[in-house]
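Structure below is structure.cif: mmCIF, N, CA and C atoms.
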```cif
data_model
loop_
_atom_site.label_atom_id
_atom_site.label_comp_id
_atom_site.auth_asym_id
_atom_site.auth_seq_id
_atom_site.Cartn_x
_atom_site.Cartn_y
_atom_site.Cartn_z
N MET C 90 67.45 -50.68 -2.94
CA MET C 90 68.18 -49.53 -3.44
C MET C 90 67.96 -48.37 -2.48
N SER C 91 69.04 -47.77 -2.04
CA SER C 91 68.93 -46.66 -1.10
C SER C 91 68.66 -45.36 -1.85
N GLU C 92 68.19 -44.36 -1.09
CA GLU C 92 67.89 -43.06 -1.71
C GLU C 92 69.12 -42.46 -2.35
N SER C 93 70.27 -42.64 -1.73
CA SER C 93 71.48 -42.02 -2.25
C SER C 93 71.92 -42.63 -3.58
N SER C 94 71.46 -43.85 -3.89
CA SER C 94 71.87 -44.47 -5.15
C SER C 94 70.86 -44.23 -6.29
N LEU C 95 69.77 -43.51 -6.00
CA LEU C 95 68.81 -43.21 -7.05
C LEU C 95 69.40 -42.17 -8.00
N PRO C 96 69.11 -42.28 -9.29
CA PRO C 96 69.63 -41.28 -10.22
C PRO C 96 69.03 -39.91 -9.92
N ARG C 97 69.86 -38.91 -10.05
CA ARG C 97 69.39 -37.55 -9.78
C ARG C 97 68.74 -37.00 -11.04
N GLY C 98 67.61 -36.34 -10.85
CA GLY C 98 66.92 -35.69 -11.96
C GLY C 98 66.92 -34.20 -11.74
N ARG C 99 66.49 -33.51 -12.77
CA ARG C 99 66.44 -32.07 -12.68
C ARG C 99 65.12 -31.61 -13.27
N TYR C 100 64.43 -30.77 -12.54
CA TYR C 100 63.17 -30.21 -13.02
C TYR C 100 63.46 -28.93 -13.78
N VAL C 101 63.06 -28.88 -15.02
CA VAL C 101 63.25 -27.68 -15.82
C VAL C 101 61.87 -27.18 -16.23
N PRO C 102 61.45 -26.02 -15.71
CA PRO C 102 60.14 -25.51 -16.09
C PRO C 102 60.13 -25.08 -17.56
N LEU C 103 59.05 -25.34 -18.23
CA LEU C 103 58.89 -24.97 -19.63
C LEU C 103 57.77 -23.96 -19.78
N GLU C 104 57.84 -23.16 -20.83
CA GLU C 104 56.76 -22.21 -21.13
C GLU C 104 55.67 -22.93 -21.92
N TRP C 105 54.43 -22.71 -21.51
CA TRP C 105 53.28 -23.30 -22.16
C TRP C 105 52.29 -22.21 -22.53
N THR C 106 51.41 -22.50 -23.45
CA THR C 106 50.32 -21.58 -23.79
C THR C 106 49.03 -22.38 -23.97
N LEU C 107 47.91 -21.73 -23.77
CA LEU C 107 46.60 -22.34 -24.00
C LEU C 107 45.99 -21.71 -25.24
N ALA C 108 45.30 -22.53 -26.02
CA ALA C 108 44.58 -22.04 -27.19
C ALA C 108 43.21 -22.70 -27.23
N ALA C 109 42.20 -21.90 -27.48
CA ALA C 109 40.85 -22.43 -27.59
C ALA C 109 40.79 -23.41 -28.75
N MET C 110 40.11 -24.53 -28.55
CA MET C 110 39.96 -25.51 -29.62
C MET C 110 38.93 -24.97 -30.61
N PRO C 111 39.35 -24.70 -31.85
CA PRO C 111 38.46 -24.04 -32.80
C PRO C 111 37.20 -24.85 -33.14
N ALA C 112 37.28 -26.14 -33.09
CA ALA C 112 36.11 -26.97 -33.45
C ALA C 112 35.11 -27.08 -32.30
N MET C 113 35.48 -26.59 -31.11
CA MET C 113 34.63 -26.71 -29.93
C MET C 113 34.10 -25.33 -29.54
N SER C 114 32.79 -25.15 -29.62
CA SER C 114 32.20 -23.87 -29.24
C SER C 114 32.08 -23.78 -27.72
N VAL C 115 31.80 -22.58 -27.24
CA VAL C 115 31.53 -22.39 -25.82
C VAL C 115 30.28 -23.19 -25.47
N ARG C 116 30.31 -23.87 -24.33
CA ARG C 116 29.19 -24.71 -23.90
C ARG C 116 28.52 -24.07 -22.69
N HIS C 117 27.23 -24.36 -22.49
CA HIS C 117 26.45 -23.78 -21.40
C HIS C 117 25.70 -24.87 -20.65
N VAL C 118 25.61 -24.71 -19.32
CA VAL C 118 24.90 -25.67 -18.47
C VAL C 118 24.08 -24.89 -17.46
N GLY C 119 22.81 -25.28 -17.30
CA GLY C 119 21.96 -24.74 -16.25
C GLY C 119 21.95 -25.72 -15.10
N LYS C 120 22.07 -25.22 -13.86
CA LYS C 120 22.11 -26.11 -12.69
C LYS C 120 21.17 -25.56 -11.62
N CYS C 121 20.38 -26.45 -11.03
CA CYS C 121 19.51 -26.10 -9.92
C CYS C 121 20.34 -26.07 -8.64
N LEU C 122 20.27 -24.96 -7.92
CA LEU C 122 21.04 -24.83 -6.67
C LEU C 122 20.35 -25.49 -5.49
N VAL C 123 19.10 -25.93 -5.69
CA VAL C 123 18.37 -26.59 -4.62
C VAL C 123 18.66 -28.09 -4.61
N CYS C 124 18.53 -28.73 -5.78
CA CYS C 124 18.69 -30.20 -5.83
C CYS C 124 19.90 -30.65 -6.63
N SER C 125 20.65 -29.73 -7.22
CA SER C 125 21.87 -30.01 -8.01
C SER C 125 21.59 -30.71 -9.34
N ASP C 126 20.33 -30.85 -9.73
CA ASP C 126 20.03 -31.39 -11.06
C ASP C 126 20.52 -30.38 -12.09
N HIS C 127 20.86 -30.83 -13.28
CA HIS C 127 21.40 -29.90 -14.29
C HIS C 127 20.99 -30.31 -15.69
N SER C 128 21.07 -29.34 -16.57
CA SER C 128 20.78 -29.58 -17.98
C SER C 128 21.96 -30.29 -18.63
N VAL C 129 21.76 -30.79 -19.83
CA VAL C 129 22.89 -31.28 -20.62
C VAL C 129 23.65 -30.05 -21.10
N ASP C 130 24.94 -30.19 -21.38
CA ASP C 130 25.65 -29.02 -21.89
C ASP C 130 25.26 -28.78 -23.34
N THR C 131 25.15 -27.52 -23.70
CA THR C 131 24.67 -27.13 -25.02
C THR C 131 25.42 -25.90 -25.50
N ALA C 132 25.49 -25.74 -26.81
CA ALA C 132 26.12 -24.55 -27.39
C ALA C 132 25.20 -23.34 -27.29
N ASP C 133 23.91 -23.56 -27.06
CA ASP C 133 22.91 -22.48 -27.04
C ASP C 133 22.57 -22.10 -25.59
N PRO C 134 22.94 -20.90 -25.15
CA PRO C 134 22.63 -20.51 -23.77
C PRO C 134 21.12 -20.46 -23.50
N ASP C 135 20.33 -20.18 -24.53
CA ASP C 135 18.87 -20.16 -24.36
C ASP C 135 18.33 -21.53 -23.97
N GLU C 136 18.92 -22.59 -24.50
CA GLU C 136 18.49 -23.95 -24.15
C GLU C 136 18.74 -24.23 -22.67
N ALA C 137 19.89 -23.81 -22.17
CA ALA C 137 20.21 -24.02 -20.75
C ALA C 137 19.27 -23.21 -19.87
N GLN C 138 18.95 -21.99 -20.27
CA GLN C 138 18.01 -21.16 -19.50
C GLN C 138 16.60 -21.74 -19.55
N LEU C 139 16.21 -22.26 -20.70
CA LEU C 139 14.89 -22.87 -20.84
C LEU C 139 14.78 -24.09 -19.91
N TRP C 140 15.86 -24.87 -19.82
CA TRP C 140 15.86 -26.01 -18.91
C TRP C 140 15.59 -25.53 -17.47
N CYS C 141 16.26 -24.43 -17.07
CA CYS C 141 16.06 -23.88 -15.72
C CYS C 141 14.59 -23.51 -15.50
N LEU C 142 13.97 -22.86 -16.49
CA LEU C 142 12.57 -22.46 -16.36
C LEU C 142 11.64 -23.67 -16.28
N LYS C 143 11.90 -24.68 -17.10
CA LYS C 143 11.08 -25.90 -17.05
C LYS C 143 11.23 -26.60 -15.70
N HIS C 144 12.47 -26.66 -15.22
CA HIS C 144 12.72 -27.31 -13.93
C HIS C 144 12.01 -26.53 -12.81
N ALA C 145 12.07 -25.21 -12.88
CA ALA C 145 11.38 -24.39 -11.88
C ALA C 145 9.88 -24.65 -11.91
N GLY C 146 9.31 -24.78 -13.11
CA GLY C 146 7.89 -25.06 -13.24
C GLY C 146 7.50 -26.40 -12.67
N MET C 147 8.36 -27.39 -12.82
CA MET C 147 8.04 -28.74 -12.32
C MET C 147 8.30 -28.89 -10.83
N THR C 148 9.29 -28.17 -10.29
CA THR C 148 9.73 -28.42 -8.91
C THR C 148 9.45 -27.26 -7.96
N ARG C 149 9.23 -26.09 -8.49
CA ARG C 149 9.11 -24.84 -7.72
C ARG C 149 10.43 -24.43 -7.06
N HIS C 150 11.54 -25.01 -7.54
CA HIS C 150 12.85 -24.58 -7.06
C HIS C 150 13.15 -23.21 -7.67
N THR C 151 13.81 -22.33 -6.92
CA THR C 151 13.98 -20.95 -7.39
C THR C 151 15.42 -20.50 -7.58
N GLY C 152 16.40 -21.29 -7.21
CA GLY C 152 17.80 -20.89 -7.36
C GLY C 152 18.50 -21.66 -8.46
N TYR C 153 19.14 -20.92 -9.38
CA TYR C 153 19.79 -21.55 -10.53
C TYR C 153 21.13 -20.89 -10.82
N GLU C 154 21.97 -21.65 -11.48
CA GLU C 154 23.28 -21.16 -11.91
C GLU C 154 23.41 -21.49 -13.39
N LEU C 155 23.84 -20.53 -14.18
CA LEU C 155 24.12 -20.78 -15.59
C LEU C 155 25.63 -20.64 -15.77
N SER C 156 26.27 -21.71 -16.23
CA SER C 156 27.73 -21.71 -16.41
C SER C 156 28.06 -21.84 -17.89
N ALA C 157 29.14 -21.19 -18.27
CA ALA C 157 29.66 -21.33 -19.63
C ALA C 157 31.11 -21.81 -19.51
N PHE C 158 31.50 -22.70 -20.40
CA PHE C 158 32.88 -23.18 -20.38
C PHE C 158 33.35 -23.44 -21.80
N GLN C 159 34.66 -23.47 -21.97
CA GLN C 159 35.25 -23.67 -23.28
C GLN C 159 36.41 -24.65 -23.14
N PHE C 160 36.65 -25.42 -24.18
CA PHE C 160 37.75 -26.38 -24.18
C PHE C 160 39.01 -25.73 -24.75
N PHE C 161 40.16 -26.06 -24.14
CA PHE C 161 41.44 -25.52 -24.55
C PHE C 161 42.44 -26.66 -24.73
N SER C 162 43.44 -26.40 -25.54
CA SER C 162 44.57 -27.33 -25.64
C SER C 162 45.81 -26.59 -25.15
N ALA C 163 46.74 -27.34 -24.59
CA ALA C 163 47.99 -26.76 -24.10
C ALA C 163 49.12 -27.18 -25.04
N ALA C 164 50.03 -26.25 -25.29
CA ALA C 164 51.18 -26.55 -26.15
C ALA C 164 52.43 -25.89 -25.57
N ILE C 165 53.55 -26.56 -25.71
CA ILE C 165 54.82 -26.00 -25.26
C ILE C 165 55.23 -24.91 -26.24
N THR C 166 55.56 -23.73 -25.70
CA THR C 166 56.01 -22.61 -26.54
C THR C 166 57.44 -22.20 -26.19
N ASP C 167 58.08 -22.98 -25.33
CA ASP C 167 59.43 -22.66 -24.89
C ASP C 167 60.39 -22.73 -26.07
N PRO C 168 61.10 -21.64 -26.40
CA PRO C 168 62.02 -21.65 -27.55
C PRO C 168 63.15 -22.66 -27.40
N ALA C 169 63.55 -22.96 -26.17
CA ALA C 169 64.64 -23.92 -25.95
C ALA C 169 64.22 -25.31 -26.42
N VAL C 170 62.97 -25.66 -26.27
CA VAL C 170 62.50 -26.98 -26.68
C VAL C 170 62.51 -27.08 -28.20
N GLY C 171 62.05 -26.03 -28.88
CA GLY C 171 62.04 -26.04 -30.34
C GLY C 171 63.44 -26.11 -30.92
N GLY C 172 64.38 -25.37 -30.31
CA GLY C 172 65.76 -25.37 -30.78
C GLY C 172 66.42 -26.72 -30.59
N ALA C 173 66.17 -27.35 -29.45
CA ALA C 173 66.76 -28.67 -29.19
C ALA C 173 66.19 -29.69 -30.16
N ALA C 174 64.91 -29.58 -30.47
CA ALA C 174 64.30 -30.52 -31.41
C ALA C 174 64.87 -30.33 -32.81
N ARG C 175 65.10 -29.08 -33.20
CA ARG C 175 65.67 -28.82 -34.54
C ARG C 175 67.10 -29.34 -34.62
N ARG C 176 67.88 -29.17 -33.54
CA ARG C 176 69.27 -29.65 -33.55
C ARG C 176 69.32 -31.17 -33.65
N ARG C 177 68.39 -31.87 -32.95
CA ARG C 177 68.38 -33.33 -33.01
C ARG C 177 68.05 -33.81 -34.42
N ARG C 178 67.10 -33.16 -35.09
CA ARG C 178 66.73 -33.57 -36.45
C ARG C 178 67.84 -33.29 -37.44
N ALA C 179 68.56 -32.18 -37.25
CA ALA C 179 69.61 -31.81 -38.20
C ALA C 179 70.85 -32.68 -38.03
N GLY C 180 71.05 -33.22 -36.82
CA GLY C 180 72.29 -33.96 -36.53
C GLY C 180 72.29 -35.36 -36.96
#
```
Once you've parsed the file, please lay out its structure as structure tokens.
Amino acid sequence: MSESSLPRGRYVPLEWTLAAMPAMSVRHVGKCLVCSDHSVDTADPDEAQLWCLKHAGMTRHTGYELSAFQFFSAAITDPAVGGAARRRRAG
């Protein structure tokens, strides 16, 4: 099949939004900048910091990073998509 006989498609950008997942709290991780070892992720930032202190005591490593992250879900918010879906159901 040649390129000219391929069906033509059209890219239509849609509007999306992100929303924090309510059941998922912010998570924290402590990471050693010397050896890249890291704590398990935890909801308690104090636990991640305590891991860094314990690691420093065992290894004498002095550089650390504390990261926080949150989980999000993406959803289409484009009004054209909702309207097309309503028309299909009504028809």
As a ChimeraX atom specification, which residues of chain C does DSSP assign to alpha helix (DSSP H)? /C:134-148,168-179
Smallest atom-to-atom distance to Thr166 of chain C: which of C:Trp105, C:Pro111, C:Arg99, C:Thr131, using only N, CA and C atoms?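 Using only N, CA and C atoms, Thr166 of chain C sits closest to C:Trp105.
Atom C of Asp133 of chain C sits 22.7 Å away from atom N of Ala108 of chain C.
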Selected by the PyMOL selection byres ((chain C and resi 104) around 7) in the shown coordinates: which residues, as a count of residues only? 9
Using atom CA of Glu154 of chain C and atom CA of Arg116 of chain C as the two end points, give the distance in Å to one decimal.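 If I compute the distance from atom CA of Glu154 of chain C to atom CA of Arg116 of chain C, I get 13.8 Å.
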I'd like the contact shell of Cys121 of chain C - 7 Å cut-off, only C-alpha atoms, skipping same-chain residues fewer than 6 positions apart - returned as a list in words.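 Answer for this query is His127, Gly152, Tyr153 and Glu154 of chain C.
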Identify, with DSSP run on backbone atoms, the residues in chain C assigned to strand (DSSP E), and express the list as a ChimeraX atom specification. /C:105-109,116-121,153-158,161-165
Please determine, counting only N, CA and C atoms, which residue among C:Gly98, C:Ala145, C:Thr151, C:Ala109 has the shortest atom-to-atom distance to Val123 of chain C.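 Checking each candidate against Val123 of chain C, we get C:Thr151 as the closest.
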Just how far from atom N of Phe161 of chain C is atom N of Ala137 of chain C, in Å to one decimal?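 Atom N of Ala137 of chain C sits 20.5 Å away from atom N of Phe161 of chain C.
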What are the centre and edge lengths in Å, to one decimal, of the axis-aligned box around all listed atoms of segment 134-153 of chain C with 5 Å added on each side, as JSON?
```
{"center_x": 15.2, "center_y": -24.5, "center_z": -16.0, "size_x": 25.4, "size_y": 18.7, "size_z": 28.2}
```
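Of the residues under consideration (C:Met147, C:Leu107, C:Leu142, C:His117), C:His117 shows the shortest atom-to-atom contact distance to Asp130 of chain C when counting only N, CA and C atoms.
Remark: for Val129 of chain C, the closest of the candidate residues C:Gly146, C:Val101, C:Met110, C:Ser156 is C:Ser156 (distances computed over only C-alpha atoms).
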Find the residue from C:Ala157, C:Ala163, C:Val115, C:Ala169 that sits nearest to Ala132 of chain C; use only N, CA and C atoms when measuring. C:Val115
Pick out the closest residue to Glu136 of chain C from this set: C:Cys124, C:Val170, C:Leu155, C:Met113. Count only C-alpha atoms. C:Leu155
